[in-house]
>>> print(open('data.txt').read())   # compact mmCIF, C-alpha atoms
# COMPACT_ATOMS: atom_id res chain seq x y z
CA MET B 1 34.69 -194.05 13.85
CA LEU B 2 33.77 -193.36 10.28
CA VAL B 3 30.16 -192.40 9.61
CA ALA B 4 28.56 -191.76 6.25
CA THR B 5 25.14 -190.17 6.11
CA LYS B 6 22.82 -189.83 3.14
CA LEU B 7 25.57 -190.18 0.56
CA GLU B 8 24.72 -189.70 -3.06
CA CYS B 9 26.97 -190.12 -6.06
CA THR B 10 26.32 -188.95 -9.59
CA ARG B 11 28.58 -189.73 -12.50
CA GLY B 12 27.93 -188.01 -15.80
CA GLY B 13 24.38 -187.03 -14.83
CA HIS B 14 23.57 -190.59 -13.82
CA VAL B 15 22.75 -191.36 -10.18
CA LEU B 16 24.85 -194.32 -9.03
CA PHE B 17 23.57 -194.54 -5.49
CA THR B 18 21.56 -192.35 -3.20
CA ASP B 19 20.67 -192.13 0.49
CA LEU B 20 23.50 -194.39 1.57
CA ASN B 21 24.09 -194.63 5.35
CA PHE B 22 26.65 -196.70 7.19
CA SER B 23 29.23 -196.55 9.93
CA VAL B 24 32.45 -198.39 10.66
CA LYS B 25 33.72 -198.71 14.21
CA SER B 26 36.99 -199.91 15.64
CA GLY B 27 37.63 -203.57 14.79
CA GLU B 28 34.98 -203.71 12.10
CA LEU B 29 35.15 -204.68 8.48
CA LEU B 30 32.92 -203.26 5.79
CA GLN B 31 32.78 -205.19 2.56
CA ILE B 32 31.21 -203.49 -0.40
CA HIS B 33 29.57 -205.65 -3.03
CA GLY B 34 28.14 -204.73 -6.36
CA PRO B 35 28.42 -205.37 -10.08
CA ASN B 36 30.82 -203.45 -12.31
CA GLY B 37 29.89 -199.81 -12.58
CA SER B 38 27.77 -199.78 -9.45
CA GLY B 39 29.93 -197.09 -7.87
CA LYS B 40 32.21 -199.08 -5.59
CA THR B 41 35.37 -197.22 -6.53
CA SER B 42 33.51 -193.90 -6.54
CA LEU B 43 32.33 -194.61 -3.01
CA LEU B 44 35.83 -195.46 -1.83
CA ARG B 45 37.30 -192.35 -3.45
CA MET B 46 34.61 -190.35 -1.69
CA LEU B 47 35.53 -191.91 1.65
CA CYS B 48 39.15 -190.90 1.02
CA GLY B 49 38.13 -187.33 0.39
CA LEU B 50 39.33 -187.48 -3.21
CA THR B 51 35.89 -186.60 -4.52
CA GLN B 52 33.09 -184.68 -2.91
CA PRO B 53 29.75 -186.44 -2.47
CA SER B 54 27.03 -184.55 -4.36
CA VAL B 55 24.76 -184.93 -1.32
CA GLY B 56 25.48 -186.08 2.23
CA LYS B 57 28.52 -186.02 4.43
CA ILE B 58 31.25 -188.25 5.79
CA THR B 59 32.53 -187.78 9.31
CA TRP B 60 35.54 -189.18 11.14
CA ASN B 61 35.20 -189.07 14.93
CA ASP B 62 32.31 -186.60 14.56
CA SER B 63 34.06 -184.05 12.36
CA ASN B 64 33.70 -183.73 8.63
CA ILE B 65 36.63 -185.28 6.74
CA ARG B 66 36.77 -182.25 4.46
CA SER B 67 37.58 -179.95 7.38
CA LEU B 68 39.96 -182.45 9.00
CA GLY B 69 42.10 -182.65 5.87
CA GLU B 70 45.62 -183.83 6.63
CA GLN B 71 44.62 -184.90 10.13
CA TYR B 72 42.28 -187.46 8.56
CA TYR B 73 44.80 -188.49 5.90
CA SER B 74 47.33 -189.37 8.59
CA CYS B 75 44.89 -192.01 9.91
CA LEU B 76 44.16 -193.42 6.47
CA THR B 77 45.78 -195.82 4.05
CA TYR B 78 44.21 -196.10 0.62
CA LEU B 79 45.17 -198.64 -2.00
CA GLY B 80 43.37 -197.90 -5.21
CA HIS B 81 42.83 -199.57 -8.55
CA MET B 82 45.93 -197.90 -9.86
CA ILE B 83 48.61 -199.10 -7.53
CA GLY B 84 51.08 -196.26 -7.84
CA ILE B 85 54.09 -198.38 -8.71
CA LYS B 86 56.78 -196.64 -10.76
CA ASP B 87 58.29 -198.75 -13.53
CA ASP B 88 61.67 -197.09 -13.29
CA LEU B 89 62.19 -197.82 -9.60
CA THR B 90 63.03 -201.07 -7.87
CA ALA B 91 60.60 -202.82 -5.55
CA VAL B 92 62.38 -201.51 -2.46
CA GLU B 93 62.49 -197.95 -3.75
CA ASN B 94 58.82 -198.08 -4.63
CA LEU B 95 57.95 -199.25 -1.15
CA SER B 96 60.13 -196.70 0.64
CA ILE B 97 58.74 -193.85 -1.43
CA SER B 98 55.12 -194.81 -0.92
CA CYS B 99 55.80 -195.05 2.81
CA ALA B 100 57.60 -191.71 2.83
CA LEU B 101 54.58 -190.16 1.13
CA ALA B 102 52.40 -191.61 3.87
CA GLY B 103 54.62 -189.80 6.36
CA LEU B 104 56.42 -192.90 7.53
CA GLU B 105 60.20 -193.08 7.68
CA VAL B 106 61.24 -196.55 6.62
CA ASP B 107 64.84 -197.67 6.49
CA ASN B 108 66.12 -200.09 3.90
CA LYS B 109 66.10 -203.04 6.31
CA MET B 110 62.44 -202.64 7.24
CA ALA B 111 61.44 -202.31 3.60
CA LEU B 112 63.39 -205.45 2.66
CA GLU B 113 61.80 -207.41 5.50
CA ALA B 114 58.31 -206.37 4.46
CA LEU B 115 58.96 -207.41 0.88
CA GLN B 116 60.32 -210.78 1.99
CA GLN B 117 57.28 -211.34 4.17
CA ILE B 118 54.98 -210.72 1.26
CA GLY B 119 56.85 -213.25 -0.84
CA LEU B 120 59.18 -211.14 -2.95
CA LYS B 121 62.41 -212.57 -1.60
CA GLY B 122 65.16 -212.22 -4.18
CA ARG B 123 63.13 -209.73 -6.22
CA GLU B 124 63.69 -206.72 -3.99
CA ASN B 125 66.13 -204.97 -6.25
CA LEU B 126 64.47 -205.67 -9.57
CA LEU B 127 62.96 -202.79 -11.50
CA ALA B 128 59.20 -202.78 -11.22
CA ARG B 129 58.85 -202.98 -15.01
CA VAL B 130 60.09 -206.57 -15.01
CA LEU B 131 57.74 -207.70 -12.25
CA SER B 132 54.47 -209.49 -13.04
CA GLN B 133 51.07 -207.97 -12.26
CA GLY B 134 50.74 -210.05 -9.10
CA GLN B 135 54.21 -209.12 -7.93
CA ARG B 136 53.54 -205.43 -8.51
CA ARG B 137 50.34 -205.77 -6.51
CA ARG B 138 52.37 -207.40 -3.73
CA VAL B 139 54.79 -204.48 -3.69
CA SER B 140 51.92 -202.08 -3.13
CA LEU B 141 50.37 -204.34 -0.48
CA ALA B 142 53.69 -204.55 1.37
CA ARG B 143 52.93 -201.04 2.58
CA LEU B 144 50.15 -202.49 4.77
CA LEU B 145 52.80 -204.39 6.71
CA LEU B 146 54.54 -201.14 7.64
CA VAL B 147 51.95 -198.43 8.11
CA LYS B 148 50.48 -197.57 11.47
CA THR B 149 47.18 -196.08 10.35
CA LYS B 150 43.75 -196.85 11.81
CA LEU B 151 41.63 -197.04 8.69
CA TRP B 152 42.42 -199.02 5.56
CA ILE B 153 40.46 -198.47 2.40
CA LEU B 154 41.29 -201.14 -0.13
CA ASP B 155 39.94 -201.25 -3.67
CA GLU B 156 40.07 -204.80 -5.03
CA PRO B 157 43.22 -205.66 -3.06
CA LEU B 158 43.17 -209.30 -4.17
CA THR B 159 43.25 -208.79 -7.94
CA ALA B 160 46.03 -210.74 -9.63
CA LEU B 161 47.15 -212.40 -6.38
CA ASP B 162 47.72 -216.12 -6.02
CA VAL B 163 46.27 -218.33 -3.28
CA VAL B 164 49.27 -218.01 -0.98
CA ALA B 165 49.25 -214.23 -1.16
CA ILE B 166 45.49 -214.04 -0.60
CA LYS B 167 45.90 -216.14 2.55
CA LEU B 168 48.69 -213.86 3.73
CA ILE B 169 46.61 -210.73 3.20
CA LYS B 170 43.65 -212.35 4.91
CA GLU B 171 45.76 -213.11 7.99
CA LYS B 172 47.13 -209.58 7.98
CA LEU B 173 43.60 -208.15 7.82
CA GLU B 174 42.46 -210.36 10.70
CA TRP B 175 45.44 -209.28 12.78
CA PHE B 176 44.75 -205.64 11.98
CA LEU B 177 41.06 -205.94 12.88
CA ALA B 178 41.93 -207.67 16.13
CA GLN B 179 44.16 -204.69 16.95
CA GLY B 180 41.15 -202.43 16.59
CA GLY B 181 41.73 -201.30 13.03
CA MET B 182 38.98 -200.54 10.54
CA VAL B 183 38.86 -201.93 7.03
CA ILE B 184 36.67 -200.99 4.10
CA LEU B 185 37.21 -203.10 1.03
CA THR B 186 35.69 -204.13 -2.24
CA THR B 187 36.27 -207.53 -3.72
CA HIS B 188 34.59 -209.95 -6.08
CA GLN B 189 36.16 -212.91 -4.33
CA ASP B 190 34.72 -214.46 -1.21
CA ILE B 191 37.06 -214.19 1.70
CA ASP B 192 36.07 -215.47 5.11
CA ILE B 193 37.71 -213.09 7.53
CA SER B 194 36.98 -213.52 11.18
CA ALA B 195 36.29 -210.18 12.81
CA THR B 196 34.09 -208.90 15.60
CA ALA B 197 31.69 -207.47 13.08
CA ILE B 198 31.51 -207.69 9.34
CA HIS B 199 29.09 -205.47 7.51
CA HIS B 200 28.08 -206.00 3.95
CA LEU B 201 26.95 -203.22 1.73
CA HIS B 202 25.30 -204.07 -1.57
CA LEU B 203 25.26 -201.47 -4.29
CA ASN B 204 23.12 -201.94 -7.37
CA MET O 1 62.00 -186.62 -2.00
CA LEU O 2 59.98 -186.74 -5.20
CA ALA O 3 62.79 -185.95 -7.58
CA MET O 4 63.93 -189.57 -7.42
CA ARG O 5 62.98 -190.39 -10.93
CA ARG O 6 65.20 -191.25 -13.78
CA GLN O 7 64.46 -189.02 -16.65
CA ALA O 8 65.69 -189.40 -20.17
CA ASP O 9 63.69 -186.20 -20.55
CA VAL O 10 66.66 -184.18 -19.33
CA LEU O 11 68.58 -184.98 -22.47
CA ILE O 12 65.58 -184.41 -24.73
CA THR O 13 64.95 -180.96 -23.28
CA LEU O 14 68.61 -180.04 -23.41
CA PHE O 15 69.16 -181.21 -26.98
CA PHE O 16 66.01 -179.45 -28.13
CA PHE O 17 67.39 -176.24 -26.67
CA ILE O 18 70.82 -176.73 -28.23
CA ILE O 19 69.47 -177.57 -31.67
CA VAL O 20 66.93 -174.74 -31.84
CA VAL O 21 69.53 -172.22 -30.74
CA SER O 22 72.11 -173.57 -33.17
CA LEU O 23 69.73 -173.50 -36.14
CA PHE O 24 69.47 -169.72 -36.16
CA PRO O 25 73.12 -168.92 -36.93
CA LEU O 26 72.98 -171.50 -39.72
CA GLY O 27 69.78 -170.04 -41.13
CA VAL O 28 70.59 -166.37 -40.78
CA GLY O 29 74.18 -166.71 -41.94
CA PRO O 30 77.35 -165.33 -40.43
CA GLU O 31 76.14 -161.74 -40.06
CA MET O 32 77.61 -160.90 -36.67
CA ASN O 33 75.54 -157.77 -36.16
CA ILE O 34 72.22 -159.47 -36.85
CA LEU O 35 73.13 -162.46 -34.73
CA ARG O 36 74.17 -160.28 -31.84
CA ALA O 37 70.88 -158.39 -32.06
CA ILE O 38 68.64 -161.46 -32.12
CA ALA O 39 70.65 -163.53 -29.63
CA PRO O 40 68.80 -162.68 -26.39
CA GLY O 41 65.40 -163.25 -27.96
CA VAL O 42 66.34 -166.51 -29.63
CA LEU O 43 67.98 -167.95 -26.54
CA TRP O 44 65.09 -167.00 -24.33
CA VAL O 45 62.37 -168.25 -26.69
CA ALA O 46 64.25 -171.53 -27.08
CA ALA O 47 64.47 -171.84 -23.30
CA LEU O 48 60.72 -171.22 -22.97
CA LEU O 49 59.86 -173.88 -25.54
CA ALA O 50 62.34 -176.37 -24.12
CA SER O 51 60.95 -176.12 -20.62
CA MET O 52 57.41 -176.49 -22.06
CA LEU O 53 58.41 -179.81 -23.59
CA SER O 54 58.56 -181.70 -20.33
CA LEU O 55 55.63 -179.95 -18.63
CA GLY O 56 53.09 -182.46 -19.92
CA ARG O 57 54.85 -185.24 -18.08
CA LEU O 58 55.06 -183.37 -14.79
CA PHE O 59 51.84 -184.78 -13.38
CA SER O 60 50.45 -187.06 -16.09
CA ILE O 61 52.61 -190.10 -15.26
CA ASP O 62 51.65 -189.83 -11.59
CA TYR O 63 48.05 -189.39 -12.65
CA MET O 64 48.04 -192.55 -14.71
CA ASP O 65 49.78 -194.87 -12.24
CA GLY O 66 47.85 -193.67 -9.20
CA THR O 67 50.69 -191.94 -7.38
CA LEU O 68 48.81 -188.66 -7.63
CA GLU O 69 45.93 -190.06 -5.56
CA GLN O 70 48.45 -190.98 -2.91
CA LEU O 71 49.90 -187.46 -3.07
CA LEU O 72 46.47 -185.96 -2.52
CA ILE O 73 45.80 -188.07 0.56
CA ALA O 74 49.32 -187.77 1.98
CA PRO O 75 49.42 -186.39 5.52
CA SER O 76 51.76 -183.55 4.52
CA PRO O 77 50.41 -180.34 2.97
CA LEU O 78 49.79 -180.76 -0.74
CA PHE O 79 51.33 -177.44 -1.72
CA LEU O 80 54.66 -178.52 -0.24
CA LEU O 81 54.60 -181.74 -2.25
CA VAL O 82 53.70 -179.77 -5.36
CA LEU O 83 56.53 -177.35 -4.66
CA GLY O 84 58.82 -180.37 -4.49
CA LYS O 85 57.63 -181.48 -7.92
CA MET O 86 58.19 -177.98 -9.28
CA ILE O 87 61.71 -177.83 -7.93
CA SER O 88 62.52 -181.22 -9.39
CA HIS O 89 61.08 -180.11 -12.72
CA TRP O 90 63.39 -177.12 -12.65
CA LEU O 91 66.40 -179.24 -11.72
CA VAL O 92 65.93 -181.51 -14.72
CA SER O 93 64.61 -179.06 -17.31
CA GLY O 94 65.69 -175.59 -16.18
CA LEU O 95 69.12 -175.91 -14.65
CA PRO O 96 70.72 -177.73 -17.62
CA LEU O 97 69.57 -174.88 -19.89
CA VAL O 98 71.11 -172.30 -17.59
CA LEU O 99 74.42 -174.15 -17.63
CA MET O 100 74.34 -174.60 -21.39
CA ALA O 101 73.32 -171.04 -22.29
CA PRO O 102 76.74 -169.32 -22.01
CA ILE O 103 78.32 -171.86 -24.32
CA LEU O 104 75.56 -171.45 -26.90
CA GLY O 105 75.75 -167.68 -26.53
CA ILE O 106 79.28 -167.76 -27.92
CA GLN O 107 77.82 -168.73 -31.30
CA TYR O 108 76.09 -165.36 -31.31
CA ASP O 109 79.26 -163.41 -30.57
CA LEU O 110 77.90 -162.04 -27.31
CA SER O 111 80.30 -160.17 -25.08
CA LEU O 112 81.48 -161.72 -21.84
CA GLU O 113 79.31 -159.38 -19.82
CA ALA O 114 76.23 -160.12 -21.90
CA LEU O 115 76.85 -163.85 -21.47
CA GLY O 116 76.97 -163.37 -17.71
CA VAL O 117 73.74 -161.40 -17.75
CA LEU O 118 72.11 -163.99 -19.98
CA THR O 119 73.01 -166.81 -17.61
CA LEU O 120 71.89 -164.88 -14.58
CA SER O 121 68.58 -163.88 -16.20
CA LEU O 122 67.93 -167.51 -17.12
CA LEU O 123 68.86 -168.57 -13.59
CA ILE O 124 66.17 -166.30 -12.17
CA GLY O 125 63.73 -166.80 -15.04
CA THR O 126 63.62 -170.56 -15.57
CA PRO O 127 62.31 -171.38 -12.06
CA ILE O 128 59.38 -169.05 -12.81
CA LEU O 129 58.71 -171.06 -15.96
CA SER O 130 58.54 -174.29 -13.94
CA LEU O 131 56.33 -172.71 -11.29
CA ILE O 132 53.80 -171.21 -13.69
CA GLY O 133 53.99 -174.16 -16.04
CA ALA O 134 53.03 -176.55 -13.25
CA ILE O 135 49.74 -174.71 -12.76
CA GLY O 136 48.98 -175.21 -16.44
CA ALA O 137 49.98 -178.86 -16.26
CA ALA O 138 47.76 -179.40 -13.22
CA LEU O 139 44.78 -177.72 -14.86
CA THR O 140 44.99 -179.71 -18.08
CA LEU O 141 45.45 -183.05 -16.34
CA GLY O 142 43.41 -185.80 -17.91
CA VAL O 143 42.19 -183.56 -20.71
CA ARG O 144 42.63 -184.96 -24.19
CA GLY O 145 45.23 -183.01 -26.16
CA GLY O 146 46.46 -181.62 -22.87
CA GLY O 147 49.94 -181.03 -24.25
CA VAL O 148 48.79 -178.44 -26.77
CA LEU O 149 46.39 -176.91 -24.31
CA VAL O 150 49.21 -176.38 -21.82
CA SER O 151 51.13 -174.35 -24.39
CA LEU O 152 48.13 -172.19 -25.16
CA LEU O 153 47.45 -171.67 -21.48
CA VAL O 154 50.95 -171.08 -20.25
CA LEU O 155 52.81 -169.32 -23.08
CA PRO O 156 50.87 -166.03 -22.70
CA LEU O 157 51.80 -166.07 -19.02
CA TYR O 158 55.45 -166.46 -19.96
CA ILE O 159 55.44 -163.20 -21.96
CA PRO O 160 56.47 -160.85 -19.13
CA ILE O 161 59.32 -163.15 -18.18
CA LEU O 162 60.46 -163.26 -21.79
CA ILE O 163 60.32 -159.47 -22.10
CA PHE O 164 62.34 -158.78 -19.00
CA GLY O 165 64.69 -161.73 -19.35
CA ALA O 166 65.63 -160.97 -22.92
CA GLY O 167 65.44 -157.23 -22.12
CA ALA O 168 68.14 -157.57 -19.49
CA VAL O 169 70.53 -159.13 -22.00
CA GLU O 170 69.72 -156.54 -24.67
CA ALA O 171 70.24 -153.72 -22.19
CA SER O 172 73.63 -155.03 -21.16
CA ALA O 173 74.63 -155.54 -24.80
CA ALA O 174 73.65 -151.93 -25.47
CA GLY O 175 75.66 -150.78 -22.47
CA LEU O 176 72.63 -149.74 -20.45
CA GLY O 177 71.77 -150.65 -16.86
CA TYR O 178 69.92 -153.88 -16.35
CA ASP O 179 69.21 -153.69 -12.62
CA ALA O 180 65.55 -152.88 -13.15
CA HIS O 181 65.03 -155.97 -15.28
CA PHE O 182 66.57 -158.16 -12.64
CA SER O 183 64.52 -156.60 -9.86
CA LEU O 184 61.35 -157.29 -11.80
CA LEU O 185 62.37 -160.86 -12.61
CA GLY O 186 63.19 -161.39 -8.94
CA ALA O 187 59.80 -160.01 -7.97
CA PHE O 188 58.09 -162.38 -10.44
CA LEU O 189 60.01 -165.26 -8.94
CA LEU O 190 59.01 -164.44 -5.38
CA VAL O 191 55.36 -163.89 -6.23
CA SER O 192 55.13 -167.12 -8.20
CA LEU O 193 57.02 -169.00 -5.48
CA VAL O 194 54.30 -168.01 -3.03
CA PHE O 195 51.22 -168.42 -5.19
CA ALA O 196 52.06 -171.09 -7.78
CA PRO O 197 52.31 -174.14 -5.46
CA TRP O 198 49.07 -173.18 -3.84
CA ALA O 199 47.31 -172.62 -7.17
CA ALA O 200 48.68 -175.84 -8.65
CA ALA O 201 47.60 -177.81 -5.55
CA ALA O 202 44.07 -176.42 -5.86
CA SER O 203 43.97 -177.25 -9.59
CA LEU O 204 45.14 -180.79 -8.89
CA ARG O 205 42.29 -181.31 -6.45
CA ILE O 206 39.83 -180.05 -9.04
CA SER O 207 41.31 -182.21 -11.80
CA MET O 208 41.09 -185.34 -9.65
CA GLU O 209 37.42 -184.92 -8.71
>>> encode(input="data.txt", output="structure tokens")
Amino acid sequence: MLVATKLECTRGGHVLFTDLNFSVKSGELLQIHGPNGSGKTSLLRMLCGLTQPSVGKITWNDSNIRSLGEQYYSCLTYLGHMIGIKDDLTAVENLSISCALAGLEVDNKMALEALQQIGLKGRENLLARVLSQGQRRRVSLARLLLVKTKLWILDEPLTALDVVAIKLIKEKLEWFLAQGGMVILTTHQDIDISATAIHHLHLN
Amino acid sequence: MLAMRRQADVLITLFFFIIVVSLFPLGVGPEMNILRAIAPGVLWVAALLASMLSLGRLFSIDYMDGTLEQLLIAPSPLFLLVLGKMISHWLVSGLPLVLMAPILGIQYDLSLEALGVLTLSLLIGTPILSLIGAIGAALTLGVRGGGVLVSLLVLPLYIPILIFGAGAVEASAAGLGYDAHFSLLGAFLLVSLVFAPWAAAASLRISME
């Protein structure tokens, strides 16, 4: 269970949000809403432990994520704004490396299957520089099909995706939530995901 | 694991080294005695500058495409991942220089023994350059004009390595013992091997805040 208490974020001397409290339990989805610049990405980066909140604390199963360190990271998958795709590597290589970084050994066959599932059949061995924005996004999302983490933090996962891909990701999220996973995401699009509990957090 | 990147940088670094080293004999003229005297210094300074060239790119590409965030939240210890990056930096920008140095040394009429010492001193010295340089690269991440800043930050730290690296070659050319130089270089290498990954990992966390 992820609990955030009294979070505050300041950026360049400007307070983005203050006294923010929420919790996410197994099987729950937290969707964060807010206009541009309201601190959505800052909040997600904070939840990943990439930045320190100026006030407040974040706990995972009752211990502070800062002290858990790698133990927390092994339960977490974060897909950020910048998708971490290397232009000089092929789609398969990109996927295997990002999985290896997440501590997951993936053989070539599994990686190829994941890419085919996400609709990149026939593009697996192309260099990432020749892929379109949506296809690059798909390569990074393919990691969700392989990882076995409990908490997914997704920053605008649906940007640049077409209708088919959005439906696919939606189904994957529903499956993951039904398995007892936790999802925190930001998106400007409306997606109707069926889950045991969906929380909405509005930042402004 | 992380070294899987295709780098045209290897060639750039290597050619920079070759050209800088080759310019001196052309500029100074065929005075064998002068050339022999300046050879260790020139070769070492060129190696320092060449390995600086690619430092800026060590973390900045990962920083821009988001891979660095993934590194920071990877379940394996960050200093190990950083050590991996340092080793790969050395493999592409240090090792080629070491292999090239004896051939370039011939232009300076160095004796066979001096060439051997030169290569060995570079072999011990260039990993230290990658290790210390990575700390500088991590600290200046995301700062505008980071490339110049790295040089200002890191070059002073390279001075001891330059002194003892070039000193070893000079000593052997003068027929003196060079064991002490090598012991000191080895000591630098071990100390930086222990502390540099840790320091660079800490600087990366600070830079990403």
>>> residues_around(input="data.txt", residues="range 193-199 of chain O", least_positions_apart="3", cutoff="6 Å", atoms="all atoms listed in the file", output="PDB file with C-alpha atoms, keeping the file's coordinate frame")
ATOM      1  CA  PHE O  79      51.330-177.440  -1.720  1.00  0.00           C
ATOM      2  CA  VAL O  82      53.700-179.770  -5.360  1.00  0.00           C
ATOM      3  CA  LEU O  83      56.530-177.350  -4.660  1.00  0.00           C
ATOM      4  CA  LEU O 131      56.330-172.710 -11.290  1.00  0.00           C
ATOM      5  CA  LEU O 189      60.010-165.260  -8.940  1.00  0.00           C
ATOM      6  CA  LEU O 190      59.010-164.440  -5.380  1.00  0.00           C
ATOM      7  CA  ALA O 202      44.070-176.420  -5.860  1.00  0.00           C
TER       8      ALA O 202
END
>>> atom_distance(input="data.txt", atom1="CA of Trp175 in chain B", atom2="CA of Ile85 in chain B")
25.6 Å
>>> atom_distance(input="data.txt", atom1="CA of Tyr73 in chain B", atom2="CA of Ala74 in chain O")
6.0 Å
>>> closest_residue(input="data.txt", among="O:Leu11, O:Gln107, O:Met208, O:Ala114", to="chain B", atoms="all atoms listed in the file")
O:Met208
>>> closest_residue(input="data.txt", among="O:Phe15, O:Phe24, O:Trp90, O:Trp44", to="Ala166 in chain O", atoms="all atoms listed in the file")
O:Trp44
>>> residues_around(input="data.txt", residues="Gly167 in chain O", least_positions_apart="3", cutoff="9 Å", atoms="all atoms listed in the file", output="JSON, numbers by chain")
{"O": [40, 41, 162, 163, 164, 170, 171, 172, 178, 181]}
>>> write_last_selection(input="data.txt", atoms="C-alpha atoms", output="PDB file, in the frame of the given file")
ATOM      1  CA  PRO O  40      68.800-162.680 -26.390  1.00  0.00           C
ATOM      2  CA  GLY O  41      65.400-163.250 -27.960  1.00  0.00           C
ATOM      3  CA  LEU O 162      60.460-163.260 -21.790  1.00  0.00           C
ATOM      4  CA  ILE O 163      60.320-159.470 -22.100  1.00  0.00           C
ATOM      5  CA  PHE O 164      62.340-158.780 -19.000  1.00  0.00           C
ATOM      6  CA  GLU O 170      69.720-156.540 -24.670  1.00  0.00           C
ATOM      7  CA  ALA O 171      70.240-153.720 -22.190  1.00  0.00           C
ATOM      8  CA  SER O 172      73.630-155.030 -21.160  1.00  0.00           C
ATOM      9  CA  TYR O 178      69.920-153.880 -16.350  1.00  0.00           C
ATOM     10  CA  HIS O 181      65.030-155.970 -15.280  1.00  0.00           C
TER      11      HIS O 181
END
>>> residues_around(input="data.txt", residues="Ser38 in chain B", least_positions_apart="5", cutoff="7 Å", atoms="only C-alpha atoms", output="ChimeraX atom specification")
/B:16,203-204
>>> interface_residues(input="data.txt", of="chain O", to="chain B", cutoff="8 Å", atoms="only C-alpha atoms", output="list in words")
Met1, Arg5, Arg6, Asp62, Met64, Asp65, Gly66, Thr67, Leu68, Glu69, Gln70, Leu71, Leu72, Ile73, Ala74, Pro75, Ser76, Pro77, Arg205, Met208 and Glu209 of chain O
>>> write_last_selection(input="data.txt", atoms="C-alpha atoms", output="JSON list (two decimals), keeping the file's coordinate frame")
[["chain", "number", "residue", "atom", "x", "y", "z"],
["O", 1, "MET", "CA", 62.00, -186.62, -2.00],
["O", 5, "ARG", "CA", 62.98, -190.39, -10.93],
["O", 6, "ARG", "CA", 65.20, -191.25, -13.78],
["O", 62, "ASP", "CA", 51.65, -189.83, -11.59],
["O", 64, "MET", "CA", 48.04, -192.55, -14.71],
["O", 65, "ASP", "CA", 49.78, -194.87, -12.24],
["O", 66, "GLY", "CA", 47.85, -193.67, -9.20],
["O", 67, "THR", "CA", 50.69, -191.94, -7.38],
["O", 68, "LEU", "CA", 48.81, -188.66, -7.63],
["O", 69, "GLU", "CA", 45.93, -190.06, -5.56],
["O", 70, "GLN", "CA", 48.45, -190.98, -2.91],
["O", 71, "LEU", "CA", 49.90, -187.46, -3.07],
["O", 72, "LEU", "CA", 46.47, -185.96, -2.52],
["O", 73, "ILE", "CA", 45.80, -188.07, 0.56],
["O", 74, "ALA", "CA", 49.32, -187.77, 1.98],
["O", 75, "PRO", "CA", 49.42, -186.39, 5.52],
["O", 76, "SER", "CA", 51.76, -183.55, 4.52],
["O", 77, "PRO", "CA", 50.41, -180.34, 2.97],
["O", 205, "ARG", "CA", 42.29, -181.31, -6.45],
["O", 208, "MET", "CA", 41.09, -185.34, -9.65],
["O", 209, "GLU", "CA", 37.42, -184.92, -8.71]]
>>> axis_aligned_box(input="data.txt", around="range 73-77 of chain O", padding_each_side="3 Å", output="JSON")
{"center_x": 48.8, "center_y": -184.2, "center_z": 3.0, "size_x": 12.0, "size_y": 13.7, "size_z": 11.0}
>>> residues_around(input="data.txt", residues="Gly56 in chain B", least_positions_apart="2", cutoff="10 Å", atoms="all atoms listed in the file", output="PDB file with C-alpha atoms, in the frame of the given file")
ATOM      1  CA  ALA B   4      28.560-191.760   6.250  1.00  0.00           C
ATOM      2  CA  THR B   5      25.140-190.170   6.110  1.00  0.00           C
ATOM      3  CA  LYS B   6      22.820-189.830   3.140  1.00  0.00           C
ATOM      4  CA  LEU B   7      25.570-190.180   0.560  1.00  0.00           C
ATOM      5  CA  GLU B   8      24.720-189.700  -3.060  1.00  0.00           C
ATOM      6  CA  CYS B   9      26.970-190.120  -6.060  1.00  0.00           C
ATOM      7  CA  THR B  18      21.560-192.350  -3.200  1.00  0.00           C
ATOM      8  CA  ASP B  19      20.670-192.130   0.490  1.00  0.00           C
ATOM      9  CA  LEU B  20      23.500-194.390   1.570  1.00  0.00           C
ATOM     10  CA  ASN B  21      24.090-194.630   5.350  1.00  0.00           C
ATOM     11  CA  GLN B  52      33.090-184.680  -2.910  1.00  0.00           C
ATOM     12  CA  PRO B  53      29.750-186.440  -2.470  1.00  0.00           C
ATOM     13  CA  SER B  54      27.030-184.550  -4.360  1.00  0.00           C
ATOM     14  CA  ILE B  58      31.250-188.250   5.790  1.00  0.00           C
TER      15      ILE B  58
END
>>> atom_distance(input="data.txt", atom1="CA of Gly34 in chain B", atom2="CA of Ile193 in chain B")
18.8 Å
